[in-house]
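One structure is given here, and the rest of the page talks about it.
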Amino acid sequence: MYAVVGLGQTGLSVIDFLNRIGATWCAMDTREAPPHIDALRTQFPQNSIHIGPLREEDFKEVSEIVLSPGLSPHDPVLIALAKQGFPIIGDIELFARAHRGRVVGITGSNAKSTVTTLVAKMVEKAGLEMRMGGNIGIPALSLLPDNPNTLHVLELSSFQLDTTDSLELEVAGILNITEDHRDRYATIQEYIDSKHRIFKHAQHIVVNREDDNTYPNDVANIKTSFGLSVPASQTFGLLTEDNQMYLAYGDMRLLEVKELLLQGRHNWSNALAALAIGHSLGLDFPPMLDVLRTFSGLPHRCQLVIHKNHIAWYNDSKGTNVGATLAAISGLQLPGKRHLILIAGGLGKGADFSPLRSVVKDSVKLLIVFGQDKLRIQEALWGTTDIVDAADLLTAIALADEHAVSGDVVLFSPACASYDMFDNYEHRGTLYCQWVLERLAE
């Protein structure tokens with residue numbers, strides 16, 4: 001019997017999969033009122049479904065525990081069960097055992113969703129059968145059943161990789177690794193080791209040559225790399241010729257960067273990462289470049305909300321850690337000009353905000369902080385720029401509007417998770433866009 005622990009979207013996909021293969025299961029959730037609980041109990045009256053703190057006695061007849069990525073394996077009951085030899089796996093491990101097609105896996109602290117989407121669109125443009133999911137969109141198990149011709153493009157989080165052992169990837173890419181999830185990992189090295197699990201059974205490895213944290217211990221296994229530097233043979237990077245900058249493969253110019261709809265150096269890096277992964281999959285350059293010319297980005301990721309009165313308002317609600325906010329500021333900064341108003345705050349997950357000091361000092365004219373960890377952000381960035389404390393996001397928007405002048409950019413990039421005030425980053429970003437438009441319409 002399987003024990004499905006966690007009844008969010010992933011847990012429900014696990015239950016659906018287990019029912020399809022005729023496996024027996026029980027389910028648990030530490031929340032008192034998880035969504036869909038009444039419907040689950042009505043639909044499966046014969047299955048044990050326990051709500052509340054985990055109890056060892058509920059696992060007596062269990063042979064394997066399927067843990068949702070949002071739940072920590074450090075729960076005392078799970079630790080005790082692991083010591084007794086209970087296998088703790090995740091939905092990606094079940095997927096690895098069941099799938100038949102080709103798989104590419106993409107992870108990183110930031111830009112996973114953007115690069116995963118780019119690669120999926122490139123595969124589709126090349127005329128191959130493709131399904132995208134994992135940590136983005138559709139849960140991996142809901143992509144099944146498949147066939148040997150299907151190419152799965154999976155975004156994988158460190159939490160998913162922690163409970164995965166047998167996933168065999170045709171291409172595995174790590175985009176970047178910056179400090180994140182310090183509420184889950186005791187050290188940055190634990191977090192790095194978690195990300196590196198994606199390389200375990202990979203045929204082709206793609207790394208960011210400007211981020212040593214992405215490199216596996218055995219660098220001989222690296223097949224290709226990407227970065228913003230001049231590329232060596234069989235690597236991806238930037239070339240400058242006749243004052244024009246190009247995405248390039250070795251000495252081959254592929255696309256002038258001004259042809260990209262997504263601008264900013266962080267987006268050039270994302271484009272190069274997608275090209276490196278697609279090339280490792282055997283895709284031709286023309287369909288990949290067509291995608292880069294037309295892709296306008298994902299919602300909540302440096303998304304232009306409105307440009308009014310010569311002031312640009314951006315929604316980067318998906319910037320849930322320091323590295324993401326650092327990239328967003330870097331992508332919008334202008335040399336020698338402090339024209340950014342940054343709105344940041346939320347649930348900091350134990351992060352160190354001090355890496356933002358330099359870029360905030362150079363580019364941010366006003367920092368507006370809100371949310372549970374706003375005082376920690378203030379303390380880390382004190383002295384770099386003017387800082388204003390807001391009671392909530394709506395107030396922060398009003399303050400930004402009051403201080404913004406022609407030529408300014410208002411950037412909402414929280415560097416924090418959303419769960420102190422919102423359901424998720426999408427909910428937070430949607431409300432930000434709505435409130436900005438309402439404010440500017442007045």
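FYI, nothing fancy with the structure tokens labels: chains A, B, ... in order, residues from 1 per chain, ligands from 1 as they appear.
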
Next on the checklist: Give me, as number ranges by chain, the residues of region 101-294 of chain A that a backbone DSSP run labels helix (DSSP H, G or I).
Outcome noted: A: 112-125, 140-143, 158-162, 188-199, 212-214, 219-221, 257-259, 265-280, 285-294

Quick one: contact table of region 34-114 of chain A to region 253-272 of chain A, 12 Å max, nearest atom pair and distance in Å to one decimal per residue, counting only C-alpha atoms, chain and number order, as a tab-separated table?
residue	atom	partner	partner_atom	distance
A:Ile106	CA	A:Asn270	CA	11.8
A:Gly108	CA	A:Asn270	CA	11.3
A:Asn110	CA	A:Asn270	CA	9.8
A:Ala111	CA	A:Asn270	CA	7.0
A:Lys112	CA	A:Asn270	CA	8.9
A:Ser113	CA	A:Asn270	CA	10.1
A:Thr114	CA	A:Asn270	CA	7.3

Store the residues of this selection in a file with N, CA and C atoms, as a compact mmCIF listing (two decimals), in the first residue's frame.
# COMPACT_ATOMS: atom_id res chain seq x y z
N ILE A 106 14.91 20.20 -16.22
CA ILE A 106 15.50 21.53 -16.05
C ILE A 106 15.27 21.99 -14.62
N GLY A 108 17.03 24.80 -11.31
CA GLY A 108 17.79 26.02 -11.03
C GLY A 108 17.05 26.84 -9.99
N ASN A 110 16.45 30.06 -10.29
CA ASN A 110 15.63 31.05 -11.00
C ASN A 110 15.53 30.71 -12.48
N ALA A 111 14.48 31.19 -13.10
CA ALA A 111 14.24 31.10 -14.56
C ALA A 111 13.86 29.70 -15.03
N LYS A 112 13.57 28.78 -14.11
CA LYS A 112 13.19 27.41 -14.52
C LYS A 112 11.97 27.42 -15.44
N SER A 113 10.95 28.16 -15.04
CA SER A 113 9.71 28.14 -15.82
C SER A 113 9.90 28.77 -17.19
N THR A 114 10.66 29.87 -17.25
CA THR A 114 10.90 30.52 -18.54
C THR A 114 11.65 29.59 -19.49

Item to check | For region 346-360 of chain A: contacts at 7 Å, only C-alpha atoms, fewer than 5 positions along chain excluded, given as a list of chain:residue names | outcome: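 Residues near the query, excluding close chain neighbours: A:Asp180, A:His181, A:Arg182, A:Asp183, A:Val322, A:Leu326, A:Phe370, A:Gly371, A:Gln372, A:Asp373, A:Lys374, A:Ile377, A:Ala380, A:Leu381, A:Thr384, A:Pro414, A:Cys416, A:Ala417, A:Ser418, A:Tyr419, A:Asp420.
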
Please produce a file of the residues just selected, as a PDB file, in the first residue's frame, where the atoms kept are N, CA and C atoms.
ATOM      1  N   ASP A 180      18.571  29.800  -1.495  1.00  0.00           N
ATOM      2  CA  ASP A 180      17.111  29.750  -1.437  1.00  0.00           C
ATOM      3  C   ASP A 180      16.715  28.632  -0.482  1.00  0.00           C
ATOM      4  N   HIS A 181      15.493  28.697   0.003  1.00  0.00           N
ATOM      5  CA  HIS A 181      14.909  27.635   0.834  1.00  0.00           C
ATOM      6  C   HIS A 181      15.757  27.319   2.065  1.00  0.00           C
ATOM      7  N   ARG A 182      16.285  28.383   2.697  1.00  0.00           N
ATOM      8  CA  ARG A 182      17.066  28.144   3.913  1.00  0.00           C
ATOM      9  C   ARG A 182      16.180  27.663   5.057  1.00  0.00           C
ATOM     10  N   ASP A 183      14.869  27.724   4.878  1.00  0.00           N
ATOM     11  CA  ASP A 183      13.969  27.138   5.867  1.00  0.00           C
ATOM     12  C   ASP A 183      13.869  25.631   5.691  1.00  0.00           C
ATOM     13  N   VAL A 322      16.228  35.926  -3.475  1.00  0.00           N
ATOM     14  CA  VAL A 322      17.148  37.040  -3.691  1.00  0.00           C
ATOM     15  C   VAL A 322      17.752  36.994  -5.094  1.00  0.00           C
ATOM     16  N   LEU A 326      17.663  39.945  -7.858  1.00  0.00           N
ATOM     17  CA  LEU A 326      18.943  40.452  -8.364  1.00  0.00           C
ATOM     18  C   LEU A 326      18.948  40.451  -9.898  1.00  0.00           C
ATOM     19  N   PHE A 370       7.331  45.592   2.464  1.00  0.00           N
ATOM     20  CA  PHE A 370       6.086  45.204   3.126  1.00  0.00           C
ATOM     21  C   PHE A 370       6.195  43.732   3.504  1.00  0.00           C
ATOM     22  N   GLY A 371       5.220  43.247   4.275  1.00  0.00           N
ATOM     23  CA  GLY A 371       5.153  41.821   4.558  1.00  0.00           C
ATOM     24  C   GLY A 371       5.893  41.388   5.816  1.00  0.00           C
ATOM     25  N   GLN A 372       5.860  40.089   6.058  1.00  0.00           N
ATOM     26  CA  GLN A 372       6.353  39.516   7.317  1.00  0.00           C
ATOM     27  C   GLN A 372       7.824  39.831   7.577  1.00  0.00           C
ATOM     28  N   ASP A 373       8.661  39.780   6.550  1.00  0.00           N
ATOM     29  CA  ASP A 373      10.101  39.951   6.751  1.00  0.00           C
ATOM     30  C   ASP A 373      10.616  41.297   6.266  1.00  0.00           C
ATOM     31  N   LYS A 374       9.768  42.309   6.269  1.00  0.00           N
ATOM     32  CA  LYS A 374      10.198  43.620   5.776  1.00  0.00           C
ATOM     33  C   LYS A 374      11.300  44.225   6.646  1.00  0.00           C
ATOM     34  N   ILE A 377      14.647  42.848   5.592  1.00  0.00           N
ATOM     35  CA  ILE A 377      15.118  43.458   4.349  1.00  0.00           C
ATOM     36  C   ILE A 377      15.681  44.847   4.633  1.00  0.00           C
ATOM     37  N   ALA A 380      19.125  44.540   6.230  1.00  0.00           N
ATOM     38  CA  ALA A 380      20.162  44.078   5.301  1.00  0.00           C
ATOM     39  C   ALA A 380      20.567  45.159   4.311  1.00  0.00           C
ATOM     40  N   LEU A 381      19.624  46.049   3.932  1.00  0.00           N
ATOM     41  CA  LEU A 381      19.882  47.018   2.873  1.00  0.00           C
ATOM     42  C   LEU A 381      19.970  48.456   3.386  1.00  0.00           C
ATOM     43  N   THR A 384      21.799  51.813   1.693  1.00  0.00           N
ATOM     44  CA  THR A 384      22.017  51.710   0.245  1.00  0.00           C
ATOM     45  C   THR A 384      21.140  52.674  -0.539  1.00  0.00           C
ATOM     46  N   PRO A 414       9.568  40.684  -5.216  1.00  0.00           N
ATOM     47  CA  PRO A 414       9.524  40.593  -3.756  1.00  0.00           C
ATOM     48  C   PRO A 414      10.749  39.999  -3.065  1.00  0.00           C
ATOM     49  N   CYS A 416      10.881  37.260  -1.937  1.00  0.00           N
ATOM     50  CA  CYS A 416      10.275  36.514  -0.841  1.00  0.00           C
ATOM     51  C   CYS A 416       9.114  35.665  -1.362  1.00  0.00           C
ATOM     52  N   ALA A 417       8.784  34.630  -0.610  1.00  0.00           N
ATOM     53  CA  ALA A 417       7.577  33.858  -0.892  1.00  0.00           C
ATOM     54  C   ALA A 417       6.349  34.678  -0.521  1.00  0.00           C
ATOM     55  N   SER A 418       5.196  34.193  -0.952  1.00  0.00           N
ATOM     56  CA  SER A 418       3.957  34.987  -0.861  1.00  0.00           C
ATOM     57  C   SER A 418       3.033  34.573   0.274  1.00  0.00           C
ATOM     58  N   TYR A 419       3.360  33.470   0.977  1.00  0.00           N
ATOM     59  CA  TYR A 419       2.355  32.818   1.809  1.00  0.00           C
ATOM     60  C   TYR A 419       1.994  33.574   3.083  1.00  0.00           C
ATOM     61  N   ASP A 420       2.676  34.673   3.387  1.00  0.00           N
ATOM     62  CA  ASP A 420       2.290  35.455   4.562  1.00  0.00           C
ATOM     63  C   ASP A 420       1.001  36.228   4.320  1.00  0.00           C
TER      64      ASP A 420
END

Next on the checklist: Restricting the calculation to only C-alpha atoms: of A:Val123, A:Leu156, A:Ile222, A:Leu228, which residue gets closest to Met245 (chain A)?
Outcome noted: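 Among the listed residues, the smallest separation from Met245 (chain A) belongs to A:Leu228.
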
Checklist entry - Which of these, A:Ala396, A:Val364, A:Val207, A:Leu342, has the shortest distance to Arg439 (chain A) once you count only C-alpha atoms? => result A:Ala396

Item to check | Exercise: Gly6 (chain A) partners within 10 Å, only C-alpha atoms, chain neighbours under 2 positions left out, as a PyMOL selection string | outcome: chain A and resi 3-4+8-12+14+27-31+34+51+66-71

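Proximity ranking of A:Asn424, A:Ser406, A:Asn213, A:Asn19 relative to Thr178 (chain A) places A:Asn213 first, based on only C-alpha atoms.
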
Next on the checklist: Taking 6 positions as the minimum chain separation for residues in the same chain, which residues sit within 9 Å of Val230 (chain A) when counting only C-alpha atoms? Answer as a list in words.
Outcome noted: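 Here the answer would be Phe236, Gly237, Leu238, Leu239, Thr240, Ala248, Gly250 and Asp251 of chain A.
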
Item to check | A:Asp165, A:Glu64, A:Asp392, A:Asp75 ranked by distance to Glu93 (chain A), top pick (using only C-alpha atoms) | outcome: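 So, comparing all the options, the nearest one is A:Asp165.
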
Item to check | DSSP strand (DSSP E) residues within region 141-352 of chain A, listed as a PyMOL selection string | outcome: chain A and resi 151-155+171-174+204-208+222-226+236-241+244-249+252-256+303-308+311-315+340-345

Kindly export the residues of the current selection with C-alpha atoms, as a short mmCIF file (atom, residue, chain, number, x, y, z; two decimals), in the first residue's frame.
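The new file part.cif reads:
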data_model
loop_
_atom_site.label_atom_id
_atom_site.label_comp_id
_atom_site.auth_asym_id
_atom_site.auth_seq_id
_atom_site.Cartn_x
_atom_site.Cartn_y
_atom_site.Cartn_z
CA LEU A 151 9.41 13.99 -25.41
CA HIS A 152 8.65 15.17 -21.89
CA VAL A 153 9.98 18.56 -20.85
CA LEU A 154 9.98 18.71 -17.05
CA GLU A 155 10.68 21.59 -14.70
CA VAL A 171 19.31 16.03 -21.10
CA ALA A 172 19.66 17.53 -17.62
CA GLY A 173 20.29 21.24 -17.17
CA ILE A 174 20.99 23.41 -14.13
CA HIS A 204 23.80 14.92 -21.55
CA ILE A 205 24.60 17.61 -19.00
CA VAL A 206 24.14 21.36 -19.54
CA VAL A 207 25.64 23.86 -17.07
CA ASN A 208 26.03 27.60 -16.63
CA ILE A 222 29.58 18.05 -19.11
CA LYS A 223 28.41 18.03 -22.71
CA THR A 224 27.83 21.74 -23.24
CA SER A 225 27.62 25.03 -21.39
CA PHE A 226 26.04 28.45 -21.78
CA PHE A 236 26.78 28.95 -26.25
CA GLY A 237 27.43 32.60 -25.45
CA LEU A 238 27.50 36.17 -26.74
CA LEU A 239 29.57 37.53 -29.63
CA THR A 240 30.02 41.22 -30.42
CA GLU A 241 30.78 42.19 -34.01
CA GLN A 244 26.16 44.42 -32.59
CA MET A 245 25.65 41.63 -30.05
CA TYR A 246 24.63 38.11 -31.06
CA LEU A 247 23.59 34.86 -29.44
CA ALA A 248 26.24 32.45 -30.71
CA TYR A 249 27.34 28.82 -30.80
CA MET A 252 28.63 30.87 -35.33
CA ARG A 253 26.33 33.89 -34.98
CA LEU A 254 22.75 32.70 -34.37
CA LEU A 255 20.57 35.71 -33.59
CA GLU A 256 21.10 39.39 -32.88
CA GLN A 303 5.98 41.30 -16.96
CA LEU A 304 5.28 44.83 -18.17
CA VAL A 305 1.94 45.79 -16.62
CA ILE A 306 1.58 49.28 -18.06
CA HIS A 307 3.65 52.16 -19.38
CA LYS A 308 1.92 55.43 -18.49
CA ILE A 311 6.72 55.42 -16.08
CA ALA A 312 6.96 51.64 -16.58
CA TRP A 313 5.39 49.28 -14.04
CA TYR A 314 6.67 45.68 -13.91
CA ASN A 315 5.26 42.60 -12.18
CA LEU A 340 14.15 52.09 -10.15
CA ILE A 341 11.54 52.04 -7.42
CA LEU A 342 11.66 48.54 -5.96
CA ILE A 343 8.76 46.97 -4.05
CA ALA A 344 9.90 43.92 -2.07
CA GLY A 345 8.81 41.79 0.87
#

Item to check | From A:Thr42, A:Ser63, A:Ser413, A:Ser13, residue lying nearest Ile138 (chain A) [only C-alpha atoms] | outcome: A:Ser13

Item to check | Who sits within 8 Å of Asn147 (chain A), only C-alpha atoms, same chain under 6 positions skipped, as a VMD selection string | outcome: chain A and resid 99 to 101

Item to check | Residue with smallest distance to Val77 (chain A) - pool A:Val5, A:Thr107, A:Leu94, A:Val405, counting only C-alpha atoms | outcome: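 Checking each of A:Val5, A:Thr107, A:Leu94, A:Val405 against Val77 (chain A), counting only C-alpha atoms, the winner is A:Val5.
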